[in-house]
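A.B. asks: Okay, so here is upload_15.tsv, and as you'll see once you scroll down, it has TSV, C-alpha atoms and all ligand atoms.
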chain	number	residue	atom	x	y	z
A	1	MET	CA	116.13	103.93	125.24
A	2	SER	CA	117.57	107.44	125.31
A	3	GLU	CA	115.54	110.42	126.47
A	4	TYR	CA	115.67	111.68	122.93
A	5	GLU	CA	114.26	108.49	121.46
A	6	ARG	CA	111.41	108.53	123.93
A	7	ASN	CA	110.18	111.82	122.64
A	8	GLU	CA	111.47	112.02	119.18
A	9	ARG	CA	110.67	114.92	116.94
A	10	LEU	CA	110.74	113.38	113.50
A	11	SER	CA	110.64	116.64	111.58
A	12	GLU	CA	110.05	120.35	111.92
A	13	PRO	CA	106.52	121.36	111.06
A	14	ASP	CA	105.27	124.66	109.81
A	15	ASN	CA	102.15	124.45	107.95
A	16	PRO	CA	101.54	126.76	104.99
A	17	ALA	CA	99.61	125.56	101.97
A	18	ILE	CA	102.01	124.49	99.24
A	19	GLU	CA	101.27	125.48	95.67
A	20	THR	CA	102.01	123.17	92.77
A	21	GLN	CA	101.14	123.52	89.11
A	22	SER	CA	97.84	121.69	89.38
A	23	GLU	CA	96.57	121.72	92.93
A	24	THR	CA	96.83	123.29	96.33
A	25	PHE	CA	97.44	120.96	99.20
A	26	HIS	CA	98.52	121.15	102.78
A	27	ARG	CA	100.90	119.59	105.19
A	28	ILE	CA	99.60	117.32	107.92
A	29	HIS	CA	101.07	117.23	111.39
A	30	PHE	CA	100.53	114.07	113.42
A	31	ASP	CA	100.77	114.05	117.22
A	32	ILE	CA	100.99	110.45	118.38
A	33	PHE	CA	100.52	109.60	122.06
A	34	THR	CA	101.94	106.23	123.02
A	35	LEU	CA	103.70	104.29	125.74
A	36	PHE	CA	105.99	102.80	123.08
A	37	PRO	CA	107.36	105.58	120.85
A	38	SER	CA	110.31	103.50	119.69
A	39	MET	CA	107.89	101.13	117.89
A	40	PHE	CA	107.41	103.87	115.29
A	41	VAL	CA	111.04	104.56	114.51
A	42	GLY	CA	111.50	101.71	112.01
A	43	PRO	CA	108.27	102.09	110.01
A	44	PHE	CA	108.50	105.89	109.85
A	45	GLY	CA	112.17	105.77	108.87
A	46	GLU	CA	111.64	103.98	105.55
A	47	SER	CA	110.15	104.45	102.13
A	48	ILE	CA	107.08	106.63	101.55
A	49	ILE	CA	106.73	108.03	105.06
A	50	LYS	CA	110.43	108.79	105.39
A	51	ARG	CA	110.35	110.64	102.08
A	52	ALA	CA	107.15	112.49	102.97
A	53	ILE	CA	108.82	113.73	106.17
A	54	GLU	CA	111.94	114.75	104.26
A	55	ARG	CA	109.81	116.60	101.72
A	56	ALA	CA	107.86	118.23	104.59
A	57	LEU	CA	104.54	116.85	103.29
A	58	ILE	CA	103.96	115.58	106.82
A	59	SER	CA	105.53	115.99	110.24
A	60	ILE	CA	105.20	113.65	113.19
A	61	CYS	CA	105.75	114.18	116.90
A	62	LEU	CA	105.83	111.10	119.10
A	63	HIS	CA	104.79	111.84	122.66
A	64	ASN	CA	105.61	109.35	125.37
A	65	ILE	CA	102.62	109.26	127.72
A	66	ARG	CA	104.94	108.11	130.52
A	67	ASP	CA	106.80	111.46	130.36
A	68	TYR	CA	103.61	113.04	131.69
A	69	THR	CA	103.54	111.06	134.94
A	70	THR	CA	104.70	112.72	138.16
A	71	ASP	CA	104.87	109.78	140.56
A	72	ARG	CA	108.16	108.19	141.40
A	73	HIS	CA	107.57	104.99	139.42
A	74	HIS	CA	105.93	106.64	136.39
A	75	VAL	CA	102.87	104.43	136.56
A	76	CYS	CA	100.54	104.60	133.53
A	77	ASP	CA	98.15	101.72	134.22
A	78	ASP	CA	96.27	100.18	137.09
A	79	THR	CA	93.94	97.29	137.90
A	80	PRO	CA	90.28	97.58	136.88
A	81	TYR	CA	87.66	98.68	139.40
A	82	GLY	CA	85.31	95.79	140.01
A	83	GLY	CA	88.05	93.23	139.47
A	84	GLY	CA	88.84	91.11	136.45
A	85	GLY	CA	92.06	90.61	134.57
A	86	GLY	CA	94.34	92.94	132.71
A	87	MET	CA	95.49	96.47	133.32
A	88	ILE	CA	93.70	99.68	132.40
A	89	MET	CA	95.41	102.84	131.18
A	90	LYS	CA	95.06	105.54	133.83
A	91	PRO	CA	93.38	108.74	132.67
A	92	GLU	CA	95.69	111.44	134.10
A	93	PRO	CA	98.94	110.82	132.17
A	94	VAL	CA	97.29	110.46	128.79
A	95	VAL	CA	94.85	113.36	129.24
A	96	ARG	CA	97.66	115.53	130.58
A	97	ALA	CA	99.84	114.64	127.58
A	98	VAL	CA	97.12	115.32	125.01
A	99	GLU	CA	95.96	118.60	126.58
A	100	THR	CA	99.49	119.87	127.12
A	101	VAL	CA	100.53	119.16	123.53
A	102	LEU	CA	97.38	120.21	121.70
A	103	MET	CA	97.14	123.57	123.49
A	104	ARG	CA	100.48	124.40	121.86
A	105	PRO	CA	101.36	124.92	118.20
A	106	ALA	CA	101.90	121.92	115.94
A	107	GLY	CA	105.49	120.75	116.34
A	108	TRP	CA	105.76	121.37	120.07
A	109	SER	CA	106.93	118.49	122.17
A	110	LEU	CA	108.09	118.26	125.76
A	111	PRO	CA	111.82	118.92	126.07
A	112	PRO	CA	113.27	115.53	127.10
A	113	GLU	CA	114.95	117.03	130.17
A	114	ASP	CA	111.55	118.25	131.41
A	115	ALA	CA	109.93	114.78	131.44
A	116	TYR	CA	108.34	113.96	134.84
A	117	ILE	CA	109.93	116.86	136.69
A	118	ASN	CA	109.24	120.08	134.86
A	119	LEU	CA	105.89	119.59	133.15
A	120	PRO	CA	103.91	122.64	132.02
A	121	GLU	CA	101.09	123.64	134.35
A	122	TRP	CA	97.97	121.50	133.90
A	123	ASN	CA	94.62	121.45	135.68
A	124	PRO	CA	93.51	117.89	136.45
A	125	ASP	CA	90.06	119.10	137.51
A	126	ALA	CA	88.90	120.97	134.42
A	127	PRO	CA	89.19	120.22	130.70
A	128	ALA	CA	91.67	122.37	128.78
A	129	PRO	CA	90.42	124.24	125.71
A	130	LEU	CA	91.36	122.00	122.80
A	131	PRO	CA	91.56	123.16	119.17
A	132	PRO	CA	88.21	122.42	117.50
A	133	ASP	CA	89.82	121.67	114.13
A	134	THR	CA	92.08	118.83	115.32
A	135	PRO	CA	90.49	115.38	115.50
A	136	ILE	CA	91.61	113.52	118.63
A	137	ILE	CA	91.40	109.90	117.66
A	138	LEU	CA	91.49	107.05	120.13
A	139	LEU	CA	92.70	103.83	118.50
A	140	THR	CA	90.60	101.01	119.87
A	141	PRO	CA	89.00	97.83	118.56
A	142	GLN	CA	85.67	99.39	119.61
A	143	GLY	CA	86.06	102.31	117.20
A	144	ARG	CA	84.44	102.81	113.81
A	145	LEU	CA	86.05	100.74	111.10
A	146	LEU	CA	88.73	102.40	109.01
A	147	ASN	CA	88.10	102.37	105.27
A	148	GLN	CA	89.38	104.40	102.35
A	149	SER	CA	86.66	107.04	102.59
A	150	LEU	CA	87.53	107.63	106.26
A	151	VAL	CA	91.21	107.90	105.23
A	152	VAL	CA	90.25	110.54	102.63
A	153	GLU	CA	88.27	112.39	105.29
A	154	LEU	CA	91.23	112.38	107.71
A	155	ALA	CA	93.57	113.65	104.98
A	156	ARG	CA	91.58	116.91	104.87
A	157	TYR	CA	92.82	118.00	108.31
A	158	ARG	CA	96.00	119.99	109.02
A	159	ARG	CA	96.67	118.28	112.33
A	160	LEU	CA	95.65	114.89	113.71
A	161	ALA	CA	96.12	113.54	117.23
A	162	LEU	CA	96.31	109.76	117.60
A	163	ILE	CA	96.05	108.15	121.03
A	164	CYS	CA	97.33	104.58	121.18
A	165	GLY	CA	95.31	102.65	123.73
A	166	ARG	CA	96.54	99.39	125.14
A	167	TYR	CA	94.48	96.37	124.32
A	168	GLU	CA	93.17	95.61	127.82
A	169	GLY	CA	91.55	99.01	127.74
A	170	VAL	CA	91.73	102.65	128.68
A	171	ASP	CA	89.85	104.33	131.50
A	172	GLU	CA	86.48	105.40	130.13
A	173	ARG	CA	87.19	109.04	131.04
A	174	VAL	CA	89.93	109.19	128.40
A	175	ARG	CA	87.13	108.90	125.86
A	176	GLN	CA	85.85	112.30	126.91
A	177	ILE	CA	88.77	114.08	125.25
A	178	ALA	CA	88.58	111.94	122.09
A	179	THR	CA	86.55	113.29	119.20
A	180	ASP	CA	86.58	109.95	117.40
A	181	GLU	CA	87.45	106.30	117.94
A	182	ILE	CA	88.84	104.21	115.11
A	183	SER	CA	89.52	100.49	114.68
A	184	ILE	CA	91.46	99.06	111.75
A	185	GLY	CA	89.60	95.76	111.60
A	186	ASP	CA	87.69	93.11	113.49
A	187	TYR	CA	90.61	91.49	115.27
A	188	VAL	CA	92.55	92.43	118.38
A	189	LEU	CA	96.00	94.02	118.42
A	190	SER	CA	98.19	94.36	121.48
A	191	GLY	CA	97.90	98.12	121.33
A	192	GLY	CA	96.89	101.02	119.12
A	193	GLU	CA	100.43	101.63	117.85
A	194	LEU	CA	100.21	99.48	114.73
A	195	ALA	CA	96.81	101.01	113.96
A	196	ALA	CA	98.28	104.52	114.28
A	197	MET	CA	101.02	103.56	111.80
A	198	VAL	CA	98.37	102.26	109.42
A	199	ILE	CA	96.51	105.58	109.57
A	200	VAL	CA	99.66	107.66	109.06
A	201	ASP	CA	100.62	105.51	106.07
A	202	ALA	CA	97.19	105.49	104.43
A	203	VAL	CA	96.74	109.26	104.88
A	204	THR	CA	100.26	110.18	103.79
A	205	ARG	CA	100.14	108.30	100.49
A	206	LEU	CA	97.14	110.43	99.47
A	207	LEU	CA	99.12	113.66	99.64
A	208	PRO	CA	100.24	114.92	96.24
A	209	GLY	CA	103.95	114.26	95.85
A	210	ALA	CA	104.09	111.46	98.42
A	211	LEU	CA	104.23	108.61	95.92
A	212	GLY	CA	106.49	110.30	93.44
A	213	TYR	CA	104.51	109.48	90.34
A	214	GLU	CA	101.86	111.47	88.63
A	215	LEU	CA	98.67	109.48	89.12
A	216	GLY	CA	99.62	108.69	92.69
A	217	ALA	CA	97.03	106.84	94.72
A	218	HIS	CA	94.23	107.63	92.28
A	219	GLN	CA	94.01	104.18	90.67
A	220	ASP	CA	94.59	102.12	93.81
A	221	SER	CA	92.26	99.40	94.97
A	222	HIS	CA	89.44	100.94	97.06
A	223	SER	CA	90.27	104.45	95.80
A	224	PRO	CA	87.62	106.75	94.32
A	225	GLY	CA	89.54	106.70	91.01
A	226	LEU	CA	88.62	103.04	90.63
A	227	GLY	CA	85.11	103.54	92.01
A	228	GLY	CA	85.89	101.41	95.05
A	229	LEU	CA	86.81	98.37	92.94
A	230	LEU	CA	89.86	96.17	93.42
A	231	GLU	CA	92.76	96.73	91.06
A	232	GLY	CA	93.25	94.07	88.39
A	233	PRO	CA	96.47	92.17	87.59
A	234	GLN	CA	99.66	94.06	86.74
A	235	TYR	CA	102.83	92.95	85.00
A	236	THR	CA	106.36	94.12	84.45
A	237	ARG	CA	109.40	92.59	82.75
A	238	PRO	CA	110.26	89.86	81.88
A	239	HIS	CA	107.66	89.27	79.17
A	240	THR	CA	107.63	85.53	79.93
A	241	PHE	CA	108.16	84.05	83.41
A	242	ARG	CA	107.88	80.32	84.07
A	243	GLY	CA	106.07	79.88	80.80
A	244	GLU	CA	103.46	82.53	81.51
A	245	SER	CA	103.46	85.56	79.26
A	246	VAL	CA	102.08	89.02	79.75
A	247	PRO	CA	98.53	89.41	78.28
A	248	SER	CA	99.04	90.54	74.68
A	249	VAL	CA	96.72	93.53	74.99
A	250	LEU	CA	99.24	95.14	77.39
A	251	VAL	CA	101.98	95.08	74.73
A	252	SER	CA	99.63	96.06	71.87
A	253	GLY	CA	100.14	99.80	72.33
A	254	HIS	CA	96.37	100.24	71.86
A	255	HIS	CA	95.54	102.53	74.79
A	256	ALA	CA	91.75	102.33	74.53
A	257	ASN	CA	91.89	98.53	74.52
A	258	ILE	CA	94.30	98.55	77.46
A	259	GLU	CA	92.00	100.80	79.46
A	260	ARG	CA	88.98	98.62	78.69
A	261	TRP	CA	90.91	95.45	79.60
A	262	ARG	CA	92.03	96.97	82.89
A	263	ARG	CA	88.50	98.00	83.74
A	264	GLU	CA	87.20	94.51	82.97
A	265	GLN	CA	89.94	92.87	85.01
A	266	ALA	CA	89.15	95.16	87.96
A	267	LEU	CA	85.47	94.20	87.63
A	268	LEU	CA	86.28	90.47	87.46
A	269	ARG	CA	88.66	90.56	90.38
A	270	THR	CA	86.12	92.44	92.46
A	271	LEU	CA	83.34	90.03	91.42
A	272	HIS	CA	85.38	87.01	92.45
A	273	ARG	CA	86.97	88.35	95.62
A	274	ARG	CA	84.76	91.12	97.00
A	275	PRO	CA	81.33	91.04	95.34
A	276	ASP	CA	80.07	93.19	98.24
A	277	LEU	CA	82.05	96.12	96.80
A	278	LEU	CA	80.17	95.98	93.47
A	279	ALA	CA	76.90	97.02	95.10
A	280	LYS	CA	78.40	100.39	96.10
A	281	ALA	CA	80.55	100.96	92.98
A	282	PRO	CA	79.43	103.48	90.35
A	283	LEU	CA	79.06	101.08	87.40
A	284	THR	CA	78.42	102.05	83.78
A	285	GLU	CA	75.94	100.23	81.56
A	286	ALA	CA	78.92	98.56	79.88
A	287	ASP	CA	80.30	97.45	83.28
A	288	ILE	CA	76.94	95.93	84.21
A	289	ALA	CA	76.62	94.13	80.86
A	290	PHE	CA	80.15	92.74	81.26
A	291	LEU	CA	79.49	91.57	84.83
A	292	ARG	CA	76.18	89.94	83.80
A	293	LEU	CA	78.09	87.95	81.18
A	294	HIS	CA	80.20	86.63	84.03
A	295	GLY	CA	77.25	85.60	86.14
A	296	TRP	CA	76.68	88.66	88.30
A	297	MET	CA	73.16	89.62	89.29
A	298	PRO	CA	72.75	93.29	90.22
A	299	PRO	CA	71.34	93.53	93.75
A	300	PRO	CA	67.66	94.54	93.82
A	301	GLN	CA	67.21	98.30	94.27
A	302	PRO	CA	65.82	99.17	97.70
A	303	ALA	CA	62.17	100.17	97.64
A	304	PRO	CA	61.83	103.97	97.56
A	305	HIS	CA	61.21	105.66	100.87
A	306	ARG	CA	57.59	106.65	101.51
A	307	GLU	CA	58.30	110.41	101.34
A	308	GLN	CA	59.94	109.91	97.96
A	309	ILE	CA	56.86	108.08	96.72
A	310	ASN	CA	54.63	110.88	97.96
A	311	SER	CA	56.73	113.63	96.43
A	312	THR	CA	56.80	111.79	93.12
A	313	ILE	CA	53.04	111.60	93.16
A	314	ILE	CA	52.70	115.29	93.96
A	315	GLU	CA	55.06	116.26	91.19
B	1	LIG	CL1	92.85	100.55	116.78
B	1	LIG	N1	93.55	98.74	118.57
B	1	LIG	C1	93.65	97.48	119.01
B	1	LIG	N2	94.21	97.26	120.22
B	1	LIG	N3	93.23	96.43	118.32
B	1	LIG	C2	92.70	96.69	117.13
B	1	LIG	C3	92.56	97.97	116.60
B	1	LIG	C4	93.00	99.00	117.37
B	1	LIG	N4	91.98	97.88	115.40
B	1	LIG	C5	91.78	96.61	115.20
B	1	LIG	N5	92.19	95.87	116.23
Please re-express this file's structure in structure tokens.
C.D. replies:
Amino acid sequence: MSEYERNERLSEPDNPAIETQSETFHRIHFDIFTLFPSMFVGPFGESIIKRAIERALISICLHNIRDYTTDRHHVCDDTPYGGGGGMIMKPEPVVRAVETVLMRPAGWSLPPEDAYINLPEWNPDAPAPLPPDTPIILLTPQGRLLNQSLVVELARYRRLALICGRYEGVDERVRQIATDEISIGDYVLSGGELAAMVIVDAVTRLLPGALGYELGAHQDSHSPGLGGLLEGPQYTRPHTFRGESVPSVLVSGHHANIERWRREQALLRTLHRRPDLLAKAPLTEADIAFLRLHGWMPPPQPAPHREQINSTIIE
């Protein structure tokens, strides 16, 4: 891997709000701290993320944690105190990398020729002042579970730092610089890199202009536009494939009927695949009647909290 690849600056950030006809939005800068920056080159060089970088909706700096080591062999992990298997990520290189980068403006990255030998001054004994408005997210299977509402929350920030832990673990003192820990599901990955890519992708596609069509991510499964329901079936040409034709309502041209059909299909798909999502979804009376016809029982409402009972009595 070339020096350049190890610390690749994927685009030039500067971060003014961008005005469009309908809404104001902002660019997001991602600082990603990893031992394997080249893992990101393929996924970030294609499709939506590539285009979002080209359109300056986002910018990404990959920071190789190993560049921030000063020992001769550039060691980033060590055996666990107390014994046991696996290797643990050492705290100094990763904390040094994060503090060095985040104390500087978005877009800064270590000049490749300075790796190991000409690092900016850093105090190992005292925490550096970190920007309060930049979440520093440690990717770990012990983090809080990523869902679409967390993605929406992350998309509100101008700058996000993502630290990719390795699966055996990171020294507990790394957690002290993290403001949040996120997991992408209840299974174990070999490192946080794939999880960081998931976050960048999910956040980026929410930015106006990233998807290149008007409604964008609004009607996606799990999105607020669909009330947290799953999307129903979709069709494109040909009209008939292997003897199965497109539902006639979709070629009727009757927009109200199409909308109602889509809503019902979303409800049915959610009922069959993820009934747990229905409990949280904002359902209309018509939705509830439709679901009851298909065998759904609305979950019992939780009993009101005692204070609520009291206040109702007082009023
Ligand atoms: Cl963020 N990291 C690792 N190593 N495994 C995971 C994960 C993260 N999320 C789910 N599994």
A.B. asks: Which residue is closest to ligand LIG 1 (chain B)? Choose from A:Phe44, A:Tyr187, A:Tyr235, A:Phe25 and count only C-alpha atoms and all ligand atoms.
C.D. replies: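 Answer, going by the shortest atom-to-atom distance: A:Tyr187.
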A.B. asks: List every residue of chain A that has an atom at most 12 Å from any atom of ligand LIG 1 (chain B), and for each one report the closest atom pair and its distance in Å to one decimal, counting all atoms listed in the file, with rows sorted by chain and then by increasing residue number, as a Markdown table.
C.D. replies:
| residue | atom | partner | partner_atom | distance |
| --- | --- | --- | --- | --- |
| A:Ile137 | CA | B:LIG1 | CL1 | 9.5 |
| A:Leu138 | CA | B:LIG1 | CL1 | 7.4 |
| A:Leu139 | CA | B:LIG1 | CL1 | 3.7 |
| A:Thr140 | CA | B:LIG1 | CL1 | 3.8 |
| A:Pro141 | CA | B:LIG1 | C3 | 4.1 |
| A:Gln142 | CA | B:LIG1 | C3 | 7.7 |
| A:Gly143 | CA | B:LIG1 | CL1 | 7.0 |
| A:Arg144 | CA | B:LIG1 | N4 | 9.1 |
| A:Leu145 | CA | B:LIG1 | N4 | 7.9 |
| A:Leu146 | CA | B:LIG1 | N4 | 8.5 |
| A:Asn147 | CA | B:LIG1 | N4 | 11.7 |
| A:Leu162 | CA | B:LIG1 | CL1 | 9.9 |
| A:Ile163 | CA | B:LIG1 | CL1 | 9.3 |
| A:Cys164 | CA | B:LIG1 | N1 | 7.4 |
| A:Gly165 | CA | B:LIG1 | N2 | 6.5 |
| A:Arg166 | CA | B:LIG1 | N2 | 5.8 |
| A:Tyr167 | CA | B:LIG1 | N2 | 4.2 |
| A:Glu168 | CA | B:LIG1 | N2 | 7.8 |
| A:Gly169 | CA | B:LIG1 | N2 | 8.2 |
| A:Val170 | CA | B:LIG1 | N2 | 10.3 |
| A:Asp180 | CA | B:LIG1 | CL1 | 11.3 |
| A:Glu181 | CA | B:LIG1 | CL1 | 8.0 |
| A:Ile182 | CA | B:LIG1 | CL1 | 5.7 |
| A:Ser183 | CA | B:LIG1 | N4 | 3.7 |
| A:Ile184 | CA | B:LIG1 | N4 | 3.9 |
| A:Gly185 | CA | B:LIG1 | C5 | 4.3 |
| A:Asp186 | CA | B:LIG1 | C5 | 5.6 |
| A:Tyr187 | CA | B:LIG1 | N5 | 4.8 |
| A:Val188 | CA | B:LIG1 | N3 | 4.1 |
| A:Leu189 | CA | B:LIG1 | N3 | 3.7 |
| A:Ser190 | CA | B:LIG1 | N2 | 5.1 |
| A:Gly191 | CA | B:LIG1 | N2 | 3.9 |
| A:Gly192 | CA | B:LIG1 | N1 | 4.1 |
| A:Glu193 | CA | B:LIG1 | N1 | 7.5 |
| A:Leu194 | CA | B:LIG1 | C4 | 7.7 |
| A:Ala195 | CA | B:LIG1 | CL1 | 4.9 |
| A:Ala196 | CA | B:LIG1 | CL1 | 7.2 |
| A:Met197 | CA | B:LIG1 | CL1 | 10.0 |
| A:Val198 | CA | B:LIG1 | CL1 | 9.4 |
| A:Ile199 | CA | B:LIG1 | CL1 | 9.5 |
A.B. asks: Counting only C-alpha atoms, figure out which residue out of A:Met39, A:Ala56, A:Val101, A:Ile136 gets nearest to Leu207 in chain A.
C.D. replies: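 Among A:Met39, A:Ala56, A:Val101, A:Ile136, it is A:Ala56 that comes nearest to Leu207 in chain A.
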A.B. asks: Could you name the residues that touch Ile32 in chain A at 6 Å or less, counting only C-alpha atoms, but leaving out those on the same chain fewer than 4 positions away, as a PDB file with C-alpha atoms, in the frame of the given file?
C.D. replies:
ATOM      1  CA  LEU A  62     105.830 111.100 119.100  1.00  0.00           C
ATOM      2  CA  HIS A  63     104.790 111.840 122.660  1.00  0.00           C
ATOM      3  CA  ALA A 161      96.120 113.540 117.230  1.00  0.00           C
ATOM      4  CA  LEU A 162      96.310 109.760 117.600  1.00  0.00           C
TER       5      LEU A 162
END
A.B. asks: Find, counting all atoms listed in the file, the residue in A:Val151, A:Ile117, A:Ile258, A:Leu277 that gets nearest to Thr70 in chain A.
C.D. replies: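 Selected residue with least distance to Thr70 in chain A: A:Ile117.
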A.B. asks: Using Å and a single decimal, report how far CA of His254 in chain A sits from CA of Thr284 in chain A.
C.D. replies: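 One can read the CA of Thr284 in chain A to CA of His254 in chain A distance as 21.6 Å.
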A.B. asks: Rank A:Ser59, A:Asn257, A:Ser38, A:Thr236 by their smallest atom-to-atom distance to Leu160 in chain A, using only C-alpha atoms, and report the top residue only.
C.D. replies: A:Ser59
A.B. asks: So which one's closest to Leu119 in chain A, A:His255, A:His239, A:Arg55, A:Arg66? Using all atoms listed in the file, please.
C.D. replies: A:Arg66
A.B. asks: Give me, as number ranges by chain, all polymer residues having an atom no more than 10 Å from Leu283 in chain A, counting all atoms listed in the file and skipping those fewer than 5 positions away in the same chain.
C.D. replies: A: 227, 229, 267, 278, 288-289, 291
A.B. asks: What gap, in Å, lies between CA of His218 in chain A and CA of Leu206 in chain A?
C.D. replies: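 Interatomic distance here is 8.2 Å.
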A.B. asks: If I take CA of Pro131 in chain A and CA of Pro43 in chain A, how far is one from the other in Å, to one decimal?
C.D. replies: 28.4 Å
A.B. asks: I'd like to know which of A:Glu172, A:Asp133, A:Glu54, A:Asp67 is closest to Tyr81 in chain A, using all atoms listed in the file.
C.D. replies: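 With all atoms listed in the file as the atom set, the closest residue is A:Glu172.
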A.B. asks: List every protein, DNA or RNA residue with an atom no more than 9 Å from (104.7, 110.2, 126.2) in the file's coordinates, counting all atoms listed in the file, and format the result as a PDB file with C-alpha atoms, in the frame of the given file.
C.D. replies:
ATOM      1  CA  ARG A   6     111.410 108.530 123.930  1.00  0.00           C
ATOM      2  CA  ASN A   7     110.180 111.820 122.640  1.00  0.00           C
ATOM      3  CA  ILE A  32     100.990 110.450 118.380  1.00  0.00           C
ATOM      4  CA  PHE A  33     100.520 109.600 122.060  1.00  0.00           C
ATOM      5  CA  THR A  34     101.940 106.230 123.020  1.00  0.00           C
ATOM      6  CA  LEU A  35     103.700 104.290 125.740  1.00  0.00           C
ATOM      7  CA  PHE A  36     105.990 102.800 123.080  1.00  0.00           C
ATOM      8  CA  PRO A  37     107.360 105.580 120.850  1.00  0.00           C
ATOM      9  CA  LEU A  62     105.830 111.100 119.100  1.00  0.00           C
ATOM     10  CA  HIS A  63     104.790 111.840 122.660  1.00  0.00           C
ATOM     11  CA  ASN A  64     105.610 109.350 125.370  1.00  0.00           C
ATOM     12  CA  ILE A  65     102.620 109.260 127.720  1.00  0.00           C
ATOM     13  CA  ARG A  66     104.940 108.110 130.520  1.00  0.00           C
ATOM     14  CA  ASP A  67     106.800 111.460 130.360  1.00  0.00           C
ATOM     15  CA  TYR A  68     103.610 113.040 131.690  1.00  0.00           C
ATOM     16  CA  THR A  69     103.540 111.060 134.940  1.00  0.00           C
ATOM     17  CA  PRO A  93      98.940 110.820 132.170  1.00  0.00           C
ATOM     18  CA  VAL A  94      97.290 110.460 128.790  1.00  0.00           C
ATOM     19  CA  ALA A  97      99.840 114.640 127.580  1.00  0.00           C
ATOM     20  CA  LEU A 110     108.090 118.260 125.760  1.00  0.00           C
ATOM     21  CA  ALA A 115     109.930 114.780 131.440  1.00  0.00           C
TER      22      ALA A 115
END
A.B. asks: Excluding Gln265 in chain A and its own-chain neighbours fewer than 4 positions away, which residues fall within 8 Å of it when counting all atoms listed in the file? Please give them as a list of chain:residue names.
C.D. replies: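 Selected residues are A:Glu231, A:Gly232, A:Pro233, A:Trp261, A:Arg269.
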